[in-house]
$ cat final30.txt   # compact mmCIF, C-alpha atoms
# COMPACT_ATOMS: atom_id res chain seq x y z
CA MET A 1 88.17 72.51 101.37
CA ALA A 2 85.92 74.92 103.22
CA ASP A 3 85.40 78.44 101.99
CA ILE A 4 86.11 81.18 104.50
CA VAL A 5 82.96 83.16 105.18
CA PRO A 6 81.69 85.45 107.92
CA ALA A 7 80.42 83.48 110.88
CA GLY A 8 77.34 85.50 111.73
CA GLN A 9 78.95 88.71 112.92
CA ASP A 10 77.80 92.05 111.57
CA ARG A 11 81.06 93.02 109.90
CA PRO A 12 82.76 90.91 107.23
CA VAL A 13 85.94 88.99 107.89
CA GLY A 14 89.01 91.19 107.48
CA LEU A 15 92.75 90.82 107.77
CA ARG A 16 92.62 91.38 111.52
CA ASP A 17 90.57 88.19 111.92
CA VAL A 18 92.94 85.80 110.12
CA LEU A 19 95.64 84.96 112.66
CA SER A 20 93.35 85.41 115.66
CA GLY A 21 90.83 83.17 113.90
CA ALA A 22 93.52 80.54 113.35
CA LEU A 23 94.27 80.54 117.07
CA ALA A 24 90.59 80.29 117.98
CA ALA A 25 90.18 77.34 115.63
CA VAL A 26 93.12 75.51 117.22
CA VAL A 27 91.89 76.21 120.75
CA ASP A 28 88.27 75.14 120.42
CA GLY A 29 87.16 75.20 116.79
CA GLY A 30 85.85 78.75 117.16
CA GLY A 31 86.74 82.07 115.60
CA ARG A 32 85.44 83.93 112.58
CA MET A 33 86.56 81.34 110.03
CA ARG A 34 85.16 77.88 109.48
CA LEU A 35 88.32 75.80 109.74
CA GLY A 36 86.91 72.97 111.80
CA ALA A 37 89.03 72.17 114.84
CA PRO A 38 92.59 71.69 113.55
CA ASP A 39 95.59 71.10 115.76
CA ARG A 40 97.89 73.26 113.67
CA VAL A 41 97.35 76.20 111.30
CA LEU A 42 99.94 77.93 109.11
CA VAL A 43 99.13 81.47 107.92
CA VAL A 44 101.12 82.44 104.82
CA VAL A 45 101.34 86.20 104.16
CA VAL A 46 102.41 87.10 100.63
CA ASP A 47 103.44 90.74 100.78
CA GLY A 48 101.78 92.78 98.01
CA LEU A 49 99.58 90.06 96.51
CA GLY A 50 96.31 91.86 95.81
CA ALA A 51 93.23 89.90 94.85
CA GLU A 52 92.85 91.90 91.63
CA ALA A 53 96.42 91.23 90.55
CA LEU A 54 96.06 87.52 91.33
CA ALA A 55 92.86 87.34 89.28
CA ALA A 56 94.56 89.17 86.40
CA ARG A 57 97.41 86.62 86.40
CA ALA A 58 95.25 83.58 87.17
CA GLY A 59 96.76 81.56 84.34
CA HIS A 60 100.17 81.84 85.98
CA ALA A 61 98.98 80.82 89.46
CA ARG A 62 96.56 77.97 89.03
CA THR A 63 96.78 76.69 92.60
CA LEU A 64 96.12 80.08 94.15
CA ALA A 65 93.64 81.31 91.55
CA SER A 66 91.50 78.19 91.75
CA HIS A 67 91.06 78.78 95.45
CA LEU A 68 90.37 82.46 94.93
CA ASN A 69 87.42 81.56 92.73
CA ARG A 70 85.72 79.54 95.43
CA GLY A 71 87.31 81.24 98.41
CA SER A 72 87.05 84.88 99.25
CA ARG A 73 88.53 88.33 99.06
CA ILE A 74 88.90 90.28 102.27
CA ALA A 75 89.83 93.86 103.09
CA THR A 76 93.09 94.78 104.71
CA GLY A 77 93.20 97.82 106.97
CA CYS A 78 93.92 101.46 106.20
CA PRO A 79 96.49 102.51 105.24
CA THR A 80 97.29 99.65 102.88
CA THR A 81 100.92 99.46 103.86
CA THR A 82 103.06 96.68 105.26
CA ALA A 83 103.87 98.09 108.70
CA ALA A 84 100.24 98.79 109.54
CA ALA A 85 98.78 95.67 107.94
CA LEU A 86 101.22 93.14 109.40
CA THR A 87 100.63 94.63 112.85
CA THR A 88 96.86 94.34 112.33
CA LEU A 89 97.25 90.68 111.34
CA ALA A 90 99.61 89.88 114.22
CA THR A 91 97.55 91.58 116.92
CA GLY A 92 93.98 91.18 115.69
CA THR A 93 93.46 94.92 116.26
CA ASP A 94 93.05 97.91 113.95
CA PRO A 95 95.74 100.57 113.32
CA GLY A 96 93.80 103.01 115.48
CA GLU A 97 94.33 100.62 118.38
CA HIS A 98 97.82 99.19 117.84
CA GLY A 99 99.21 102.57 116.79
CA ILE A 100 101.13 101.71 113.60
CA VAL A 101 99.12 104.05 111.40
CA GLY A 102 101.35 104.40 108.34
CA TYR A 103 104.66 103.73 106.64
CA SER A 104 106.04 106.84 108.30
CA VAL A 105 104.15 108.64 111.06
CA LEU A 106 104.53 111.53 113.43
CA ASP A 107 105.89 110.88 116.89
CA PRO A 108 103.96 113.76 118.50
CA ASP A 109 105.97 113.74 121.71
CA HIS A 110 109.16 114.55 119.79
CA ASP A 111 107.61 116.32 116.77
CA ARG A 112 109.40 114.13 114.25
CA VAL A 113 108.38 111.73 111.50
CA VAL A 114 109.58 108.16 112.04
CA ASN A 115 109.71 105.21 109.64
CA GLN A 116 107.60 102.38 111.09
CA LEU A 117 109.63 99.53 109.60
CA HIS A 118 113.05 100.80 110.70
CA GLY A 119 112.30 103.23 113.52
CA PHE A 120 112.33 100.48 116.15
CA ASP A 121 116.00 99.79 115.35
CA ASP A 122 117.46 103.29 115.31
CA GLY A 123 116.01 104.44 118.60
CA GLY A 124 113.41 106.62 116.94
CA LEU A 125 110.43 104.90 118.56
CA PRO A 126 109.86 104.55 122.30
CA PRO A 127 109.05 101.26 124.07
CA GLY A 128 105.37 100.44 123.86
CA TRP A 129 104.84 102.30 120.57
CA GLN A 130 103.14 99.15 119.26
CA ARG A 131 100.37 99.07 121.84
CA SER A 132 98.59 95.73 121.39
CA THR A 133 99.22 92.24 122.70
CA THR A 134 100.05 89.91 119.82
CA VAL A 135 98.17 86.76 118.88
CA PHE A 136 101.44 84.88 119.45
CA GLU A 137 101.63 86.11 123.04
CA ARG A 138 98.04 85.03 123.61
CA ALA A 139 98.83 81.61 122.13
CA ALA A 140 101.89 81.10 124.33
CA ALA A 141 99.88 82.06 127.41
CA ILE A 142 97.47 79.16 126.84
CA GLY A 143 100.03 76.54 125.84
CA VAL A 144 99.77 76.78 122.03
CA ARG A 145 103.14 76.96 120.31
CA ALA A 146 103.59 80.03 118.13
CA PHE A 147 106.29 80.42 115.49
CA ALA A 148 107.10 82.69 112.59
CA THR A 149 109.29 82.00 109.60
CA GLY A 150 110.66 84.55 107.19
CA PRO A 151 113.93 85.91 105.81
CA ARG A 152 116.86 85.44 108.15
CA HIS A 153 117.86 89.10 108.16
CA TYR A 154 114.51 90.05 109.74
CA ALA A 155 115.07 87.82 112.77
CA ASP A 156 116.57 90.48 115.03
CA SER A 157 114.83 93.59 113.69
CA GLY A 158 112.99 95.90 116.03
CA PHE A 159 109.85 95.63 113.93
CA THR A 160 109.91 91.83 114.26
CA GLU A 161 110.25 92.17 118.02
CA ALA A 162 107.38 94.64 118.25
CA VAL A 163 104.97 92.81 115.96
CA LEU A 164 105.86 89.11 116.33
CA ARG A 165 106.35 89.10 120.10
CA GLY A 166 105.71 85.65 121.53
CA ALA A 167 106.64 83.73 118.38
CA ASP A 168 109.77 81.66 117.85
CA TYR A 169 111.39 83.15 114.73
CA LEU A 170 112.71 80.58 112.27
CA GLY A 171 114.83 82.36 109.69
CA ALA A 172 115.12 80.86 106.21
CA ARG A 173 116.45 82.32 102.97
CA THR A 174 114.00 80.98 100.37
CA VAL A 175 110.26 80.46 100.30
CA GLU A 176 110.77 76.72 100.06
CA HIS A 177 113.06 76.71 103.10
CA ARG A 178 110.49 78.71 105.06
CA PHE A 179 107.89 76.03 104.35
CA ASP A 180 110.42 73.37 105.40
CA ALA A 181 110.91 75.19 108.71
CA ALA A 182 107.15 75.43 109.26
CA PHE A 183 106.53 71.75 108.63
CA GLU A 184 109.45 70.77 110.84
CA ALA A 185 107.76 72.76 113.60
CA PHE A 186 104.44 71.06 112.87
CA ALA A 187 106.15 67.64 113.00
CA GLU A 188 106.93 68.21 116.67
CA GLY A 189 103.22 67.67 117.33
CA GLY A 190 100.90 69.41 119.74
CA ARG A 191 98.86 72.49 119.04
CA SER A 192 100.52 75.33 117.16
CA ILE A 193 99.98 78.33 114.94
CA GLY A 194 102.56 79.50 112.44
CA TYR A 195 103.17 82.58 110.32
CA CYS A 196 105.14 82.44 107.09
CA TYR A 197 106.18 85.75 105.52
CA VAL A 198 106.93 86.06 101.78
CA PRO A 199 108.25 89.52 100.76
CA GLU A 200 109.67 88.69 97.33
CA LEU A 201 106.64 89.65 95.19
CA ASP A 202 106.36 93.04 96.88
CA GLN A 203 110.03 93.78 96.33
CA ILE A 204 109.79 93.03 92.62
CA ALA A 205 106.58 95.06 92.27
CA HIS A 206 108.17 98.13 93.83
CA ARG A 207 111.10 97.85 91.48
CA GLU A 208 109.43 96.81 88.21
CA GLY A 209 105.66 96.84 88.75
CA TRP A 210 103.19 94.04 89.41
CA SER A 211 102.38 93.90 85.68
CA SER A 212 106.01 93.11 84.80
CA GLY A 213 107.30 89.80 83.53
CA ALA A 214 109.56 89.47 86.56
CA TRP A 215 106.58 89.73 88.92
CA THR A 216 104.66 87.11 86.95
CA ALA A 217 107.64 84.74 86.98
CA GLU A 218 107.96 85.09 90.76
CA LEU A 219 104.21 84.48 91.13
CA GLU A 220 104.58 81.23 89.17
CA ALA A 221 107.39 80.09 91.47
CA LEU A 222 105.39 81.02 94.55
CA ASP A 223 102.32 79.20 93.27
CA ALA A 224 104.38 76.04 92.81
CA ALA A 225 105.80 76.35 96.32
CA ILE A 226 102.36 76.78 97.85
CA GLY A 227 101.01 73.83 95.88
CA SER A 228 103.87 71.70 97.19
CA ALA A 229 103.26 72.90 100.74
CA ALA A 230 99.55 72.11 100.50
CA SER A 231 100.41 68.53 99.53
CA ARG A 232 102.40 68.17 102.77
CA LEU A 233 99.49 69.00 105.08
CA ARG A 234 98.55 66.10 107.33
CA PRO A 235 95.21 65.41 109.01
CA GLY A 236 94.59 68.09 111.61
CA GLU A 237 96.64 70.70 109.73
CA ARG A 238 95.36 73.67 107.73
CA MET A 239 97.03 76.42 105.74
CA LEU A 240 95.69 79.91 104.99
CA VAL A 241 97.16 82.18 102.32
CA THR A 242 96.55 85.91 102.47
CA ALA A 243 98.35 89.23 101.90
CA ASP A 244 98.91 92.53 103.65
CA HIS A 245 97.88 94.74 100.71
CA GLY A 246 97.60 94.87 96.94
CA MET A 247 99.47 97.04 94.47
CA VAL A 248 98.99 99.77 91.86
CA ASP A 249 101.56 100.48 89.15
CA VAL A 250 102.21 104.23 88.97
CA PRO A 251 103.87 105.40 85.73
CA ALA A 252 106.25 108.33 85.98
CA ASP A 253 103.80 110.65 84.21
CA GLN A 254 101.27 110.06 87.02
CA GLN A 255 103.58 111.37 89.73
CA VAL A 256 102.19 114.62 91.13
CA LEU A 257 104.74 117.07 92.57
CA VAL A 258 102.72 118.86 95.20
CA ASP A 259 105.44 121.43 95.86
CA GLY A 260 104.72 122.75 92.39
CA LEU A 261 101.09 123.49 93.22
CA PRO A 262 100.86 127.01 94.65
CA GLY A 263 100.20 127.33 98.35
CA LEU A 264 99.66 123.67 99.19
CA LEU A 265 102.74 123.14 101.36
CA GLU A 266 102.82 126.51 103.13
CA PRO A 267 100.61 125.40 106.07
CA VAL A 268 102.28 121.95 106.32
CA ARG A 269 104.81 121.26 109.08
CA HIS A 270 105.45 117.56 108.34
CA ILE A 271 104.55 115.15 105.53
CA ALA A 272 104.19 111.57 106.71
CA GLY A 273 102.51 108.47 105.30
CA GLU A 274 103.39 107.31 101.78
CA PRO A 275 103.02 108.74 98.27
CA ARG A 276 99.53 107.25 97.79
CA LEU A 277 98.30 108.31 101.23
CA LEU A 278 99.94 111.48 102.46
CA GLN A 279 99.43 112.41 106.09
CA LEU A 280 99.86 116.15 106.50
CA HIS A 281 100.66 117.60 109.91
CA LEU A 282 99.96 121.31 109.94
CA GLN A 283 101.65 124.33 111.42
CA PRO A 284 100.15 125.46 114.74
CA GLY A 285 96.98 127.48 114.28
CA GLU A 286 96.16 126.18 110.79
CA ASP A 287 92.58 124.99 110.27
CA ALA A 288 92.45 121.43 108.94
CA GLY A 289 89.14 121.97 107.15
CA THR A 290 90.46 124.98 105.27
CA VAL A 291 93.66 123.20 104.27
CA ALA A 292 91.73 120.09 103.19
CA GLY A 293 89.51 122.25 100.99
CA ARG A 294 92.55 123.79 99.33
CA TRP A 295 94.03 120.35 98.56
CA ARG A 296 90.68 119.09 97.23
CA ALA A 297 90.44 122.02 94.84
CA ALA A 298 94.00 121.50 93.61
CA LEU A 299 93.92 117.70 93.18
CA ARG A 300 90.26 117.31 92.18
CA ARG A 301 89.39 113.72 91.24
CA ALA A 302 92.94 112.46 91.73
CA ALA A 303 92.55 112.24 95.51
CA ASP A 304 90.12 111.73 98.36
CA VAL A 305 91.10 114.40 100.88
CA ARG A 306 89.85 114.14 104.47
CA THR A 307 90.58 115.81 107.73
CA ARG A 308 91.67 113.54 110.56
CA ARG A 309 88.22 113.80 112.12
CA GLU A 310 86.52 112.92 108.83
CA ALA A 311 88.81 109.92 108.27
CA ILE A 312 88.27 108.64 111.81
CA ASP A 313 84.49 109.08 111.54
CA ALA A 314 84.58 107.17 108.23
CA GLY A 315 86.33 104.26 109.97
CA TRP A 316 89.54 104.42 107.99
CA PHE A 317 91.68 103.40 110.96
CA GLY A 318 89.09 101.36 112.81
CA THR A 319 88.44 102.32 116.42
CA VAL A 320 90.99 105.02 117.25
CA ASP A 321 92.34 105.32 120.77
CA PRO A 322 92.81 108.94 121.91
CA ALA A 323 96.52 108.23 122.46
CA VAL A 324 96.90 107.20 118.80
CA ALA A 325 94.92 110.01 117.17
CA PRO A 326 97.78 112.59 117.21
CA ARG A 327 99.91 110.19 115.15
CA ILE A 328 97.43 110.50 112.27
CA GLY A 329 97.79 113.48 109.95
CA ASP A 330 95.64 116.55 110.40
CA VAL A 331 94.78 116.12 106.71
CA LEU A 332 94.95 112.89 104.69
CA VAL A 333 95.38 112.77 100.91
CA ALA A 334 94.46 109.35 99.48
CA ALA A 335 95.05 108.65 95.79
CA ARG A 336 91.94 107.66 93.85
CA SER A 337 93.59 107.11 90.48
CA ARG A 338 97.03 105.71 89.62
CA ALA A 339 98.64 108.86 90.98
CA ALA A 340 101.30 109.21 93.65
CA PHE A 341 102.05 112.48 95.44
CA TYR A 342 105.58 113.73 96.09
CA ASP A 343 107.41 116.72 97.41
CA GLY A 344 109.70 117.16 94.41
CA GLY A 345 112.44 118.72 96.50
CA ASP A 346 112.74 115.47 98.44
CA GLY A 347 112.88 112.97 95.57
CA THR A 348 112.54 110.00 97.93
CA GLY A 349 110.88 106.93 96.43
CA ARG A 350 110.23 108.36 92.97
CA GLY A 351 111.89 105.36 91.36
CA MET A 352 109.18 102.99 92.63
CA VAL A 353 106.76 101.59 90.06
CA GLY A 354 104.44 99.45 92.17
CA GLN A 355 102.91 101.38 95.06
CA HIS A 356 100.22 101.10 97.72
CA GLY A 357 98.84 102.86 100.76
CA ALA A 358 95.49 104.19 99.53
CA TRP A 359 92.00 102.73 99.65
CA THR A 360 91.31 101.55 96.08
CA ASP A 361 90.11 97.98 95.55
CA ALA A 362 93.44 97.08 93.92
CA GLU A 363 95.20 97.97 97.18
CA ARG A 364 92.73 97.02 99.89
CA LEU A 365 91.32 93.68 98.65
CA VAL A 366 93.52 90.65 99.29
CA PRO A 367 92.93 86.93 98.95
CA LEU A 368 92.11 84.66 101.87
CA LEU A 369 92.50 81.10 100.65
CA ALA A 370 92.09 77.93 102.71
CA PHE A 371 93.93 74.65 102.16
$ encode --input "final30.txt" --output "structure tokens"
Amino acid sequence: MADIVPAGQDRPVGLRDVLSGALAAVVDGGGRMRLGAPDRVLVVVVDGLGAEALAARAGHARTLASHLNRGSRIATGCPTTTAAALTTLATGTDPGEHGIVGYSVLDPDHDRVVNQLHGFDDGGLPPGWQRSTTVFERAAAIGVRAFATGPRHYADSGFTEAVLRGADYLGARTVEHRFDAAFEAFAEGGRSIGYCYVPELDQIAHREGWSSGAWTAELEALDAAIGSAASRLRPGERMLVTADHGMVDVPADQQVLVDGLPGLLEPVRHIAGEPRLLQLHLQPGEDAGTVAGRWRAALRRAADVRTRREAIDAGWFGTVDPAVAPRIGDVLVAARSRAAFYDGGDGTGRGMVGQHGAWTDAERLVPLLAF
């Protein structure tokens, strides 16, 4: 089983290379991953499975952990959140290009904050908001079958349509049934790429934390399902396992109520993003550098505070198209520690234990395992 390593390019392999690399391998044996020249590749995305968490629970996931040891860890994009990361995987482009730059972001044309997972359904996002061609569309254009399998209730969602365009969606309730659907598609022969989405670990982590017994039990079940799927691979078929982001458990005493810190919210018009990576959109006329300095002084080591320009220059969002830049906050507040930042008057999301969005290793490093 070949390790996945950079193939001579200057930058290391990242999440954006995985699905596009699978297609390149099927087409002509190329791409950024050394997969040989398979006819079919299945990319399994385990929502919320960080490389650090997997290593910490290695004894409960022997199939996955054994491959992590001789495979690799890659970086997801910024922010480390599902909407942005799945779009990066599915398009092979960075958030600054595809435009999904957070869990919730500002629609500058309408001056409102829109949820990126649900905003496609409620009319809150205009056509073309997701700006990139998908890998599935590119596959279909050259005669390679593309399919996706995941929970049935995601089949008709606006986010699925925006991000998985070009793929046949095969809804299935359980992880095992999703693998059955994928291998039935493979059995039809020909060249194909598949995507299998597993959200269960992430859901448990948000509710109880990734260090909980429930999360570990679900990891054990997932490990068994992946081991069984690996045994079903036939000659000419490969399977990659990766994730969209990792996870940090945030205890209640690490929640920071920013509305209780004098003067921080006065220049802020909108708060977007997520509790571990706030994106602050300022009132007209406010200077981002001055506001960022005020937040740095108040939060100290708990956060890495950048202006939009500083974050873009640091490469947080990859190459940023001018049309996408206004969607990014004027000031970004990324948690360094186990903290999460809330407007206490809102109360939204304060019951979550497992969280993500920031740029710590626990959140940004995910496994990339080849079978």
$ closest_atom_pairs --input "final30.txt" --of "region 219-285 of chain A" --to "region 10-34 of chain A" --cutoff "9 Å" --atoms "only C-alpha atoms" --output "CSV"
residue,atom,partner,partner_atom,distance
A:Leu240,CA,A:Val18,CA,8.3
A:Thr242,CA,A:Leu15,CA,8.2
A:Ala243,CA,A:Leu15,CA,8.3
A:Asp244,CA,A:Leu15,CA,7.6
$ closest_residue --input "final30.txt" --among "A:Val175, A:Leu86, A:Ala187, A:Leu261" --to "Leu201 (chain A)" --atoms "all atoms listed in the file"
A:Val175
$ atom_distance --input "final30.txt" --atom1 "CA of Ile226 (chain A)" --atom2 "CA of Phe159 (chain A)"
25.9 Å
$ atom_distance --input "final30.txt" --atom1 "CA of Val333 (chain A)" --atom2 "CA of Arg296 (chain A)"
8.7 Å
$ residues_around --input "final30.txt" --residues "Gly351 (chain A)" --least-positions-apart "4" --cutoff "12 Å" --atoms "all atoms listed in the file" --output "MDAnalysis selection string"
chainID A and resid 205:209 249:252 255 275 340 342 347 355
$ closest_residue --input "final30.txt" --among "A:Gln203, A:Thr133, A:Thr87, A:Ser337" --to "Val256 (chain A)" --atoms "only C-alpha atoms"
A:Ser337
$ atom_distance --input "final30.txt" --atom1 "CA of Tyr103 (chain A)" --atom2 "CA of Gln116 (chain A)"
5.5 Å
$ residues_around --input "final30.txt" --residues "Leu219 (chain A)" --least-positions-apart "4" --cutoff "8 Å" --atoms "all atoms listed in the file" --output "MDAnalysis selection string"
chainID A and resid 60:61 201 215 223
$ residues_near_point --input "final30.txt" --point "(89.3, 104.0, 108.7)" --cutoff "8 Å" --atoms "all atoms listed in the file" --output "list in words"
Gly77, Cys78, Ala311, Ile312, Asp313, Ala314, Gly315, Trp316, Phe317, Gly318 and Thr319 of chain A
$ write_last_selection --input "final30.txt" --atoms "C-alpha atoms" --output "PDB file, keeping the file's coordinate frame"
ATOM      1  CA  GLY A  77      93.200  97.820 106.970  1.00  0.00           C
ATOM      2  CA  CYS A  78      93.920 101.460 106.200  1.00  0.00           C
ATOM      3  CA  ALA A 311      88.810 109.920 108.270  1.00  0.00           C
ATOM      4  CA  ILE A 312      88.270 108.640 111.810  1.00  0.00           C
ATOM      5  CA  ASP A 313      84.490 109.080 111.540  1.00  0.00           C
ATOM      6  CA  ALA A 314      84.580 107.170 108.230  1.00  0.00           C
ATOM      7  CA  GLY A 315      86.330 104.260 109.970  1.00  0.00           C
ATOM      8  CA  TRP A 316      89.540 104.420 107.990  1.00  0.00           C
ATOM      9  CA  PHE A 317      91.680 103.400 110.960  1.00  0.00           C
ATOM     10  CA  GLY A 318      89.090 101.360 112.810  1.00  0.00           C
ATOM     11  CA  THR A 319      88.440 102.320 116.420  1.00  0.00           C
TER      12      THR A 319
END
$ residues_around --input "final30.txt" --residues "Ala182 (chain A)" --least-positions-apart "6" --cutoff "9 Å" --atoms "only C-alpha atoms" --output "PyMOL selection string"
chain A and resi 42+147-149+170+194-196
$ residues_around --input "final30.txt" --residues "Ala335 (chain A)" --least-positions-apart "6" --cutoff "6 Å" --atoms "only C-alpha atoms" --output "PyMOL selection string"
chain A and resi 276+302-303+358
$ residues_around --input "final30.txt" --residues "Ser231 (chain A)" --least-positions-apart "5" --cutoff "12 Å" --atoms "all atoms listed in the file" --output "list in words"
Thr63, Phe179, Phe183, Ala224, Ala225, Ile226, Glu237, Arg238, Met239 and Phe371 of chain A
$ write_last_selection --input "final30.txt" --atoms "C-alpha atoms" --output "mmCIF file, in the frame of the given file"
data_model
loop_
_atom_site.group_PDB
_atom_site.id
_atom_site.type_symbol
_atom_site.label_atom_id
_atom_site.label_comp_id
_atom_site.auth_asym_id
_atom_site.auth_seq_id
_atom_site.Cartn_x
_atom_site.Cartn_y
_atom_site.Cartn_z
ATOM 1 C CA THR A 63 96.780 76.690 92.600
ATOM 2 C CA PHE A 179 107.890 76.030 104.350
ATOM 3 C CA PHE A 183 106.530 71.750 108.630
ATOM 4 C CA ALA A 224 104.380 76.040 92.810
ATOM 5 C CA ALA A 225 105.800 76.350 96.320
ATOM 6 C CA ILE A 226 102.360 76.780 97.850
ATOM 7 C CA GLU A 237 96.640 70.700 109.730
ATOM 8 C CA ARG A 238 95.360 73.670 107.730
ATOM 9 C CA MET A 239 97.030 76.420 105.740
ATOM 10 C CA PHE A 371 93.930 74.650 102.160
#
$ closest_residue --input "final30.txt" --among "A:Leu164, A:Val101, A:Ala56, A:Ala65" --to "Ala84 (chain A)" --atoms "only C-alpha atoms"
A:Val101
$ axis_aligned_box --input "final30.txt" --around "region 322-340 of chain A" --padding-each-side "3 Å" --output "AutoDock Vina command-line options"
--center_x 96.6 --center_y 111.1 --center_z 106.0 --size_x 15.4 --size_y 16.8 --size_z 38.8
$ residues_near_point --input "final30.txt" --point "(101.4, 79.5, 123.2)" --cutoff "10 Å" --atoms "all atoms listed in the file" --output "list in words"
Leu23, Val135, Phe136, Glu137, Arg138, Ala139, Ala140, Ala141, Ile142, Gly143, Val144, Arg145, Ala146, Phe147, Gly166, Ala167, Arg191, Ser192 and Ile193 of chain A
$ closest_residue --input "final30.txt" --among "A:Ala85, A:Val45, A:Val105, A:Ala162" --to "Leu368 (chain A)" --atoms "all atoms listed in the file"
A:Val45
